[in-house]
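Visitor: Contents of entry.csv (CSV, C-alpha atoms):
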```
chain,number,residue,atom,x,y,z
V,11,MET,CA,109.4,-202.6,-131.0
V,12,ASN,CA,109.9,-198.8,-130.9
V,13,LYS,CA,113.0,-199.3,-128.8
V,14,VAL,CA,114.6,-201.8,-131.2
V,15,VAL,CA,113.9,-199.3,-134.1
V,16,SER,CA,115.4,-196.5,-132.2
V,17,LEU,CA,118.6,-198.4,-131.5
V,18,ALA,CA,118.8,-199.8,-135.0
V,19,CYS,CA,118.3,-196.4,-136.6
V,20,GLY,CA,121.0,-194.9,-134.4
V,21,ILE,CA,123.4,-197.6,-135.5
V,22,ILE,CA,122.6,-197.1,-139.2
V,23,PHE,CA,122.9,-193.3,-138.8
V,24,GLY,CA,126.2,-193.7,-137.0
V,25,ILE,CA,127.7,-196.0,-139.6
V,26,GLY,CA,126.5,-193.5,-142.3
V,27,LEU,CA,128.4,-190.7,-140.5
V,28,VAL,CA,131.6,-192.9,-140.4
V,29,ILE,CA,131.4,-194.0,-144.1
V,30,SER,CA,130.7,-190.4,-145.3
V,31,GLU,CA,133.6,-189.2,-143.0
V,32,MET,CA,131.3,-186.6,-141.5
V,33,ILE,CA,132.5,-187.9,-138.2
V,34,ASN,CA,135.9,-186.3,-139.1
V,35,PRO,CA,136.1,-182.6,-138.1
V,36,GLU,CA,138.9,-182.0,-140.6
V,37,LYS,CA,136.7,-183.2,-143.4
V,38,VAL,CA,133.8,-180.9,-142.3
V,39,LEU,CA,136.2,-177.9,-142.1
V,40,GLY,CA,137.4,-178.8,-145.6
V,41,PHE,CA,133.8,-178.6,-146.8
V,42,LEU,CA,133.3,-175.2,-145.2
V,43,ASN,CA,136.6,-173.9,-146.6
V,44,ILE,CA,135.1,-172.9,-149.9
V,45,PHE,CA,137.3,-169.9,-150.5
V,46,ARG,CA,140.6,-171.8,-150.3
V,47,ASP,CA,141.1,-175.6,-150.6
V,48,TRP,CA,137.6,-176.8,-150.9
V,49,ASP,CA,136.5,-180.4,-150.3
V,50,PRO,CA,132.9,-180.6,-151.7
V,51,SER,CA,132.3,-184.2,-150.5
V,52,LEU,CA,129.9,-183.4,-147.8
V,53,ALA,CA,127.4,-181.9,-150.2
V,54,PHE,CA,127.0,-185.5,-151.4
V,55,VAL,CA,126.1,-186.7,-147.9
V,56,MET,CA,123.2,-184.3,-148.0
V,57,ILE,CA,122.2,-185.3,-151.5
V,58,GLY,CA,122.4,-189.0,-150.6
V,59,ALA,CA,120.3,-188.5,-147.5
V,60,LEU,CA,117.7,-186.3,-149.1
V,61,ILE,CA,117.0,-188.5,-152.1
V,62,ILE,CA,115.8,-191.2,-149.7
V,63,SER,CA,114.2,-189.2,-146.9
V,64,THR,CA,112.3,-186.8,-149.1
V,65,PRO,CA,110.2,-189.2,-151.2
V,66,VAL,CA,109.7,-191.5,-148.2
V,67,PHE,CA,108.4,-188.7,-146.0
V,68,HIS,CA,105.9,-187.5,-148.7
V,69,LEU,CA,104.7,-191.0,-149.5
V,70,PHE,CA,104.2,-192.2,-145.9
V,71,LYS,CA,102.9,-189.0,-144.2
V,72,LYS,CA,99.5,-189.7,-145.9
V,73,ASN,CA,99.2,-193.0,-144.0
V,74,ASP,CA,97.0,-193.0,-140.9
V,75,LYS,CA,99.9,-193.9,-138.6
V,76,PRO,CA,103.4,-195.3,-138.4
V,77,LEU,CA,103.9,-199.0,-138.1
V,78,PHE,CA,104.9,-199.1,-134.4
V,79,SER,CA,103.4,-195.9,-133.0
V,80,SER,CA,99.9,-194.5,-132.6
V,81,SER,CA,100.5,-191.3,-134.6
V,82,PHE,CA,103.1,-189.4,-136.7
V,83,SER,CA,104.8,-186.6,-134.8
V,84,ILE,CA,105.8,-183.9,-137.4
V,85,PRO,CA,107.1,-180.5,-136.4
V,86,THR,CA,104.4,-177.8,-136.9
V,87,ASN,CA,106.3,-174.6,-136.1
V,88,LYS,CA,106.5,-172.5,-139.3
V,89,GLU,CA,107.6,-169.3,-137.7
V,90,ILE,CA,110.8,-167.6,-139.0
V,91,ASP,CA,111.7,-165.7,-135.9
V,92,LYS,CA,114.8,-164.3,-134.1
V,93,LYS,CA,115.3,-167.5,-132.2
V,94,LEU,CA,115.7,-169.4,-135.5
V,95,ILE,CA,118.2,-167.0,-137.0
V,96,ILE,CA,120.2,-166.3,-133.8
V,97,GLY,CA,120.3,-170.0,-132.9
V,98,SER,CA,121.4,-171.0,-136.4
V,99,THR,CA,124.0,-168.3,-136.4
V,100,LEU,CA,125.5,-169.4,-133.1
V,101,PHE,CA,125.4,-173.0,-134.2
V,102,GLY,CA,127.1,-172.2,-137.5
V,103,ALA,CA,129.9,-170.4,-135.6
V,104,GLY,CA,130.5,-173.3,-133.3
V,105,TRP,CA,130.4,-175.7,-136.2
V,106,GLY,CA,133.0,-173.7,-138.2
V,107,LEU,CA,135.3,-173.4,-135.1
V,108,ILE,CA,135.7,-177.1,-134.5
V,109,GLY,CA,133.9,-179.0,-137.4
V,110,LEU,CA,131.5,-181.0,-135.2
V,111,CYS,CA,127.7,-180.8,-135.2
V,112,PRO,CA,125.6,-182.8,-132.7
V,113,GLY,CA,125.3,-186.2,-134.6
V,114,PRO,CA,129.0,-186.6,-135.5
V,115,ALA,CA,130.0,-185.3,-132.0
V,116,ILE,CA,128.0,-188.0,-130.2
V,117,THR,CA,129.0,-190.7,-132.6
V,118,SER,CA,132.7,-189.8,-132.2
V,119,LEU,CA,132.4,-190.6,-128.5
V,120,ALA,CA,133.0,-194.2,-129.6
V,121,LEU,CA,136.6,-193.3,-130.5
V,122,LEU,CA,137.3,-192.2,-126.8
V,123,ASN,CA,139.0,-189.1,-128.1
V,124,ILE,CA,139.4,-186.6,-125.3
V,125,SER,CA,138.6,-183.6,-127.6
V,126,SER,CA,135.3,-185.1,-128.6
V,127,ILE,CA,134.4,-185.8,-125.0
V,128,ILE,CA,135.1,-182.2,-124.0
V,129,PHE,CA,133.1,-181.0,-127.0
V,130,VAL,CA,130.1,-183.2,-126.2
V,131,LEU,CA,130.1,-182.2,-122.5
V,132,SER,CA,130.1,-178.5,-123.5
V,133,MET,CA,127.4,-179.1,-126.1
V,134,PHE,CA,125.1,-180.6,-123.4
V,135,THR,CA,125.9,-177.6,-121.2
V,136,GLY,CA,124.7,-175.4,-124.1
V,137,PHE,CA,121.5,-177.5,-124.4
V,138,TYR,CA,120.9,-177.0,-120.7
V,139,ILE,CA,121.5,-173.2,-120.7
V,140,ALA,CA,119.2,-172.7,-123.7
V,141,SER,CA,116.4,-174.9,-122.1
V,142,LYS,CA,116.6,-172.9,-118.9
V,143,LEU,CA,116.2,-169.6,-120.8
V,144,ASN,CA,113.0,-170.8,-122.5
H,280,MET,CA,139.5,-172.0,-154.9
H,281,ASN,CA,141.1,-175.5,-155.3
H,282,ILE,CA,139.2,-178.7,-155.1
H,283,VAL,CA,140.9,-181.1,-152.7
H,284,ASN,CA,140.4,-184.5,-151.0
H,285,PHE,CA,137.2,-185.0,-152.9
H,286,THR,CA,135.5,-188.4,-152.0
H,287,PRO,CA,132.0,-188.2,-153.6
H,288,LEU,CA,131.3,-192.0,-153.5
H,289,SER,CA,131.9,-192.6,-149.8
H,290,ALA,CA,130.1,-189.4,-149.1
H,291,LEU,CA,127.1,-190.4,-151.2
H,292,SER,CA,127.0,-194.0,-149.7
H,293,GLY,CA,127.2,-192.6,-146.1
H,294,GLY,CA,124.5,-190.1,-147.0
H,295,LEU,CA,122.2,-192.9,-148.4
H,296,LEU,CA,122.6,-194.8,-145.1
H,297,ILE,CA,121.7,-191.6,-143.2
H,298,GLY,CA,118.7,-191.1,-145.4
H,299,PHE,CA,117.7,-194.7,-144.9
H,300,SER,CA,117.8,-194.3,-141.1
H,301,VAL,CA,115.7,-191.1,-141.3
H,302,ALA,CA,113.2,-192.9,-143.6
H,303,LEU,CA,113.0,-196.0,-141.4
H,304,PHE,CA,112.5,-194.0,-138.2
H,305,PHE,CA,109.7,-192.1,-139.8
H,306,ILE,CA,107.8,-195.1,-141.3
H,307,LEU,CA,108.2,-197.2,-138.1
H,308,ASN,CA,108.3,-194.8,-135.2
H,309,GLY,CA,106.6,-191.8,-136.8
H,310,ARG,CA,109.2,-189.3,-136.0
H,311,MET,CA,111.7,-187.2,-138.1
H,312,ILE,CA,115.2,-187.5,-136.8
H,313,GLY,CA,116.9,-184.4,-135.4
H,314,ILE,CA,119.9,-185.3,-133.3
H,315,SER,CA,120.1,-182.0,-131.3
H,316,GLY,CA,116.4,-182.5,-130.4
H,317,ILE,CA,116.9,-186.1,-129.4
H,318,ALA,CA,120.0,-185.3,-127.4
H,319,SER,CA,118.7,-182.3,-125.6
H,320,SER,CA,115.4,-184.0,-124.7
H,321,VAL,CA,117.3,-186.8,-123.1
H,322,LEU,CA,118.6,-184.1,-120.8
H,323,VAL,CA,115.5,-182.0,-120.1
H,324,THR,CA,112.3,-184.1,-120.6
H,325,LYS,CA,111.1,-187.6,-119.6
H,326,ASP,CA,109.0,-187.9,-122.8
H,327,LYS,CA,110.4,-190.8,-124.9
H,328,ARG,CA,113.6,-190.7,-122.9
H,329,VAL,CA,114.3,-194.4,-123.4
H,330,ASP,CA,113.8,-194.3,-127.1
H,331,ASN,CA,115.9,-191.2,-127.4
H,332,PHE,CA,118.7,-192.6,-125.2
H,333,LEU,CA,118.7,-195.9,-127.3
H,334,PHE,CA,119.0,-193.9,-130.5
H,335,LEU,CA,122.1,-192.0,-129.1
H,336,PHE,CA,123.5,-195.2,-127.8
H,337,GLY,CA,123.1,-196.6,-131.3
H,338,LEU,CA,125.0,-193.7,-132.8
H,339,ILE,CA,127.9,-194.6,-130.6
H,340,LEU,CA,127.7,-198.2,-131.5
H,341,GLY,CA,127.9,-197.2,-135.2
H,342,PRO,CA,131.7,-196.8,-135.4
H,343,ILE,CA,132.2,-200.0,-133.3
H,344,PHE,CA,130.0,-202.0,-135.8
H,345,TYR,CA,131.7,-200.4,-138.7
H,346,ASN,CA,135.1,-201.3,-137.3
H,347,LEU,CA,134.0,-204.9,-136.6
H,348,ILE,CA,132.5,-205.4,-140.1
H,349,SER,CA,135.1,-203.6,-142.2
H,350,GLY,CA,138.1,-204.2,-140.0
H,351,LYS,CA,139.1,-200.6,-140.8
H,352,GLU,CA,140.3,-198.2,-138.2
H,353,ILE,CA,138.5,-194.8,-138.0
H,354,ILE,CA,140.8,-191.9,-137.9
H,355,ILE,CA,139.7,-188.4,-137.1
H,356,SER,CA,141.6,-185.1,-136.8
H,357,ILE,CA,140.2,-182.7,-134.3
H,358,SER,CA,141.5,-179.5,-132.5
H,359,ASN,CA,143.1,-180.1,-129.1
H,360,SER,CA,142.5,-176.6,-127.9
H,361,VAL,CA,140.4,-177.0,-124.7
H,362,ILE,CA,139.1,-173.4,-124.8
H,363,LEU,CA,138.1,-173.6,-128.4
H,364,LEU,CA,136.4,-177.0,-127.9
H,365,ILE,CA,134.4,-175.6,-124.9
H,366,ILE,CA,133.4,-172.4,-126.8
H,367,ALA,CA,132.4,-174.3,-129.9
H,368,GLY,CA,130.5,-177.1,-127.9
H,369,VAL,CA,128.5,-174.5,-125.9
H,370,LEU,CA,127.7,-172.6,-129.1
H,371,VAL,CA,126.6,-175.7,-130.9
H,372,GLY,CA,124.4,-176.9,-128.0
H,373,PHE,CA,122.9,-173.5,-127.2
H,374,GLY,CA,122.4,-172.5,-130.9
H,375,THR,CA,120.7,-175.8,-132.0
H,376,LYS,CA,118.5,-175.8,-128.9
H,377,LEU,CA,117.4,-172.2,-129.6
H,378,SER,CA,116.7,-172.8,-133.3
H,379,SER,CA,115.3,-176.3,-132.6
H,380,GLY,CA,117.5,-178.2,-135.0
H,381,CYS,CA,120.9,-178.9,-136.4
H,382,THR,CA,122.4,-180.4,-139.6
H,383,SER,CA,120.1,-183.5,-139.3
H,384,GLY,CA,116.9,-181.8,-137.9
H,385,HIS,CA,116.9,-178.8,-140.2
H,386,GLY,CA,119.4,-179.9,-142.9
H,387,ILE,CA,117.9,-183.3,-143.6
H,388,SER,CA,114.6,-183.9,-141.9
H,389,GLY,CA,113.3,-180.3,-142.4
H,390,ILE,CA,114.4,-180.0,-146.0
H,391,SER,CA,112.8,-183.4,-146.7
H,392,ARG,CA,109.5,-181.9,-145.5
H,393,PHE,CA,110.1,-178.7,-147.6
H,394,SER,CA,110.0,-176.6,-144.4
H,395,ILE,CA,110.9,-173.0,-145.3
H,396,ARG,CA,112.0,-172.5,-141.6
H,397,SER,CA,114.5,-175.4,-142.0
H,398,ILE,CA,115.7,-174.2,-145.3
H,399,ILE,CA,116.4,-170.7,-143.9
H,400,ALA,CA,118.1,-172.3,-140.8
H,401,THR,CA,120.3,-174.5,-143.0
H,402,ILE,CA,121.4,-171.6,-145.3
H,403,THR,CA,122.2,-169.5,-142.2
H,404,PHE,CA,124.4,-172.1,-140.4
H,405,MET,CA,126.1,-173.0,-143.6
H,406,ILE,CA,127.0,-169.4,-144.4
H,407,ILE,CA,128.1,-168.7,-140.9
H,408,GLY,CA,130.1,-171.9,-140.8
H,409,ILE,CA,131.9,-170.9,-144.1
H,410,LEU,CA,132.5,-167.3,-142.8
H,411,THR,CA,133.9,-168.7,-139.5
H,412,VAL,CA,136.4,-171.0,-141.3
H,413,LEU,CA,137.3,-168.0,-143.6
H,414,VAL,CA,137.9,-165.7,-140.6
H,415,LYS,CA,139.8,-168.4,-138.7
H,416,GLY,CA,142.1,-168.7,-141.7
H,417,PHE,CA,143.3,-165.1,-141.3
H,418,LEU,CA,144.1,-165.5,-137.5
```
For the structure just supplied, provide its representation as C-alpha cells.

Guide:
Amino acid sequence: MNKVVSLACGIIFGIGLVISEMINPEKVLGFLNIFRDWDPSLAFVMIGALIISTPVFHLFKKNDKPLFSSSFSIPTNKEIDKKLIIGSTLFGAGWGLIGLCPGPAITSLALLNISSIIFVLSMFTGFYIASKLN
Amino acid sequence: MNIVNFTPLSALSGGLLIGFSVALFFILNGRMIGISGIASSVLVTKDKRVDNFLFLFGLILGPIFYNLISGKEIIISISNSVILLIIAGVLVGFGTKLSSGCTSGHGISGISRFSIRSIIATITFMIIGILTVLVKGFL
C-alpha cells in the first residue's frame, strides 16, 4: 500500500506544480523579481500548501503510527549550522539563475524539454558530489 | 516595483493540491515530503528506494495526467544556455543536499512543523534567489 501512496502522492504533487505554474521557470523568476516587475503568485502556492499541511501535521503526529507504516519518520535535526546556511545560499543562487528547484525540475521532465533534462542531470551530479563530501 | 502576471487563484489551487499531497503522505506513509531528499536518496541509499522512485515517477506522470484530464497544453519558458543550466543544476543539487532540503522539504514540510531550521533555510534561499535575479538583471 505504501508504494501506491507514494505514486499517488507524486502524481497529486506534480499536478499541483503544473496548475500553480511553479513548473514554469519564467513564473518562478517573476516571483523572485521583486525589485522590478513582480509576480507575487507563487506566495499563494506556499499559503495554499501550508494551510493544509500544517494542521494535518500537528493533528496526526500525536497518533501512534501512520496508517500504512510502523512509525512516523520526522526530521530531528535542529542545528542551525554552516551546512544549513551555505547549502541554502548555494541553492538560492541556482534557483535564481534558472528558476527551477528540485520538484518542478523533475516534474518538467514529462515535457521532454532538453533544458530541463540538462538541469536535472546536473542537479543529480550536485547531489552526488555533496553526498561524497559528507 | 510593478505587479505583473498575477494569478492568485491558480497558484492557490495548485498550492492546495501540493499541501494535500504532503498531508496524505504523512498520514498514510508517515513521512514529510522533501523532494531533494527523496531524489538524492534514490541516488545514494537503498533505504525506501522503491517508494522514493515511485514518488518521483508520479511527479513526472503529473503533467501527463493534467494534460489528459484538462486537454490543455503545458507551456514553460526556460533558459537554453547550457553553461547556465549546468551551473544552476549543480548548485541546486549540491546546495539542497548540503542543507538537507529545498522548497518542499524546508519551505513546506519544515515550516508546517514550525522548524526554526527550516524557516531560516527558507528565508536564506528566498533572499539569495531574489538577489541573484536582481544581479542578473544588471548583466

Visitor: List as a list in words the protein and nucleic acid residues near Ile355 in chain H, meaning an atom at most 10 Å away when all atoms listed in the file are counted, but skip any in the same chain fewer than 2 places from it.

Guide: Val28, Glu31, Met32, Ile33, Asn34, Pro35, Glu36, Lys37, Ser118, Leu121 and Asn123 of chain V; Glu352, Ile353 and Ile357 of chain H

Visitor: What gap, in Å, lies between CA of Lys88 in chain V and CA of Arg392 in chain H?

Guide: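 Pair CA of Lys88 in chain V / CA of Arg392 in chain H returns 11.7 Å.
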
Visitor: For range 368-384 of chain H, find every residue with an atom within 6 Å (counting only C-alpha atoms), except residues of its own chain fewer than 2 positions away, and show them as a PDB file with C-alpha atoms, keeping the file's coordinate frame.

Guide:
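Writing the result to part_27.pdb gives the following:
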```pdb
ATOM      1  CA  LYS V  93     115.300-167.500-132.200  1.00  0.00           C
ATOM      2  CA  LEU V  94     115.700-169.400-135.500  1.00  0.00           C
ATOM      3  CA  GLY V  97     120.300-170.000-132.900  1.00  0.00           C
ATOM      4  CA  SER V  98     121.400-171.000-136.400  1.00  0.00           C
ATOM      5  CA  LEU V 100     125.500-169.400-133.100  1.00  0.00           C
ATOM      6  CA  PHE V 101     125.400-173.000-134.200  1.00  0.00           C
ATOM      7  CA  GLY V 104     130.500-173.300-133.300  1.00  0.00           C
ATOM      8  CA  PHE V 129     133.100-181.000-127.000  1.00  0.00           C
ATOM      9  CA  SER V 132     130.100-178.500-123.500  1.00  0.00           C
ATOM     10  CA  MET V 133     127.400-179.100-126.100  1.00  0.00           C
ATOM     11  CA  PHE V 134     125.100-180.600-123.400  1.00  0.00           C
ATOM     12  CA  GLY V 136     124.700-175.400-124.100  1.00  0.00           C
ATOM     13  CA  PHE V 137     121.500-177.500-124.400  1.00  0.00           C
ATOM     14  CA  ALA V 140     119.200-172.700-123.700  1.00  0.00           C
TER      15      ALA V 140
ATOM     16  CA  GLY H 313     116.900-184.400-135.400  1.00  0.00           C
ATOM     17  CA  SER H 315     120.100-182.000-131.300  1.00  0.00           C
ATOM     18  CA  LEU H 364     136.400-177.000-127.900  1.00  0.00           C
ATOM     19  CA  ILE H 365     134.400-175.600-124.900  1.00  0.00           C
ATOM     20  CA  ILE H 366     133.400-172.400-126.800  1.00  0.00           C
ATOM     21  CA  GLY H 386     119.400-179.900-142.900  1.00  0.00           C
ATOM     22  CA  ILE H 387     117.900-183.300-143.600  1.00  0.00           C
ATOM     23  CA  SER H 388     114.600-183.900-141.900  1.00  0.00           C
ATOM     24  CA  GLY H 389     113.300-180.300-142.400  1.00  0.00           C
TER      25      GLY H 389
END
```

Visitor: Determine, counting only C-alpha atoms, which protein, DNA and RNA residues have an atom within 9 Å of an atom of Ile62 in chain V; residues of the same chain fewer than 3 positions away are not included. Present the result as an MDAnalysis selection string.

Guide: (chainID V and resid 57:59 65:67) or (chainID H and resid 295:299 301:302 391)

Visitor: Closest to Ile339 in chain H among V:Ile116, V:Leu122, V:Ala18, V:Leu60, using only C-alpha atoms?

Guide: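 Ranked by minimum distance to Ile339 in chain H, first place goes to V:Ile116.
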
Visitor: Have a look at CA of Asp74 in chain V and CA of Glu89 in chain V and let me know their distance in Å, one decimal.

Guide: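 Separation of CA of Asp74 in chain V and CA of Glu89 in chain V: 26.2 Å.
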
Visitor: What does the distance from CA of Ser83 in chain V to CA of Ile314 in chain H come to in Å, to one decimal?

Guide: 15.2 Å

Visitor: Need to verify the contact set: range 280-287 of chain H, 10 Å, all atoms listed in the file, exclusion of same-chain residues closer than 2 positions in sequence. Can you return it as a PyMOL selection string?

Guide: (chain V and resi 30-31+37+40-41+43-55) or (chain H and resi 289-293)

Visitor: Tell me which residues come within 8 Å of (104.7, -191.6, -143.1), as a list in words, counting only C-alpha atoms in the file's coordinates.

Guide: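 Result, sorted by chain then residue number: Val66, Phe67, His68, Leu69, Phe70, Lys71, Lys72, Asn73, Lys75, Pro76 and Phe82 of chain V; Phe305, Ile306 and Gly309 of chain H.
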
Visitor: Using only C-alpha atoms, collect all residues at a distance of at most 12 Å from (119.1, -170.9, -145.2) as written in the file, then present them as number ranges by chain.

Guide: V: 90, 94-95, 98-99, 102; H: 382, 385-386, 389-390, 394-408

Visitor: With C-alpha atoms retained, write the just-selected residues as an mmCIF file, in the coordinates of the input.

Guide:
```
data_model
loop_
_atom_site.group_PDB
_atom_site.id
_atom_site.type_symbol
_atom_site.label_atom_id
_atom_site.label_comp_id
_atom_site.auth_asym_id
_atom_site.auth_seq_id
_atom_site.Cartn_x
_atom_site.Cartn_y
_atom_site.Cartn_z
ATOM 1 C CA ILE V 90 110.800 -167.600 -139.000
ATOM 2 C CA LEU V 94 115.700 -169.400 -135.500
ATOM 3 C CA ILE V 95 118.200 -167.000 -137.000
ATOM 4 C CA SER V 98 121.400 -171.000 -136.400
ATOM 5 C CA THR V 99 124.000 -168.300 -136.400
ATOM 6 C CA GLY V 102 127.100 -172.200 -137.500
ATOM 7 C CA THR H 382 122.400 -180.400 -139.600
ATOM 8 C CA HIS H 385 116.900 -178.800 -140.200
ATOM 9 C CA GLY H 386 119.400 -179.900 -142.900
ATOM 10 C CA GLY H 389 113.300 -180.300 -142.400
ATOM 11 C CA ILE H 390 114.400 -180.000 -146.000
ATOM 12 C CA SER H 394 110.000 -176.600 -144.400
ATOM 13 C CA ILE H 395 110.900 -173.000 -145.300
ATOM 14 C CA ARG H 396 112.000 -172.500 -141.600
ATOM 15 C CA SER H 397 114.500 -175.400 -142.000
ATOM 16 C CA ILE H 398 115.700 -174.200 -145.300
ATOM 17 C CA ILE H 399 116.400 -170.700 -143.900
ATOM 18 C CA ALA H 400 118.100 -172.300 -140.800
ATOM 19 C CA THR H 401 120.300 -174.500 -143.000
ATOM 20 C CA ILE H 402 121.400 -171.600 -145.300
ATOM 21 C CA THR H 403 122.200 -169.500 -142.200
ATOM 22 C CA PHE H 404 124.400 -172.100 -140.400
ATOM 23 C CA MET H 405 126.100 -173.000 -143.600
ATOM 24 C CA ILE H 406 127.000 -169.400 -144.400
ATOM 25 C CA ILE H 407 128.100 -168.700 -140.900
ATOM 26 C CA GLY H 408 130.100 -171.900 -140.800
#
```

Visitor: Compare H:Gly341, H:Ile317, H:Leu347, H:Lys325 by their minimum atom-to-atom distance to chain V, counting all atoms listed in the file, and give me the closest one.

Guide: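 Going through H:Gly341, H:Ile317, H:Leu347, H:Lys325 one by one, the smallest distance to chain V is for H:Gly341.
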
Visitor: Pick from V:Leu143, V:Leu77, V:Ile127, V:Ala115: nearest to chain H, with only C-alpha atoms counted?

Guide: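 Going through V:Leu143, V:Leu77, V:Ile127, V:Ala115 one by one, the smallest distance to chain H is for V:Leu77.
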
Visitor: Pick from H:Val323, H:Ile354, H:Leu418, H:Leu338: nearest to chain V, with only C-alpha atoms counted?

Guide: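 Using only C-alpha atoms, the shortest distance to chain V belongs to H:Leu338.
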
Visitor: Between V:Val130, V:Leu39, V:Ile124, V:Leu27, which one has atoms that come closest to Gly109 in chain V, using all atoms listed in the file?

Guide: V:Leu39

Visitor: Find the spatial neighbours of Ser16 in chain V, counting all atoms listed in the file, within a cut-off of 9 Å - ignore same-chain residues fewer than 3 positions away - and output them as a list of chain:residue names.

Guide: V:Met11, V:Asn12, V:Lys13, V:Cys19, V:Gly20, V:Ile21, H:Phe304, H:Asn308, H:Asp330, H:Asn331, H:Phe332, H:Leu333, H:Phe334, H:Leu335, H:Gly337
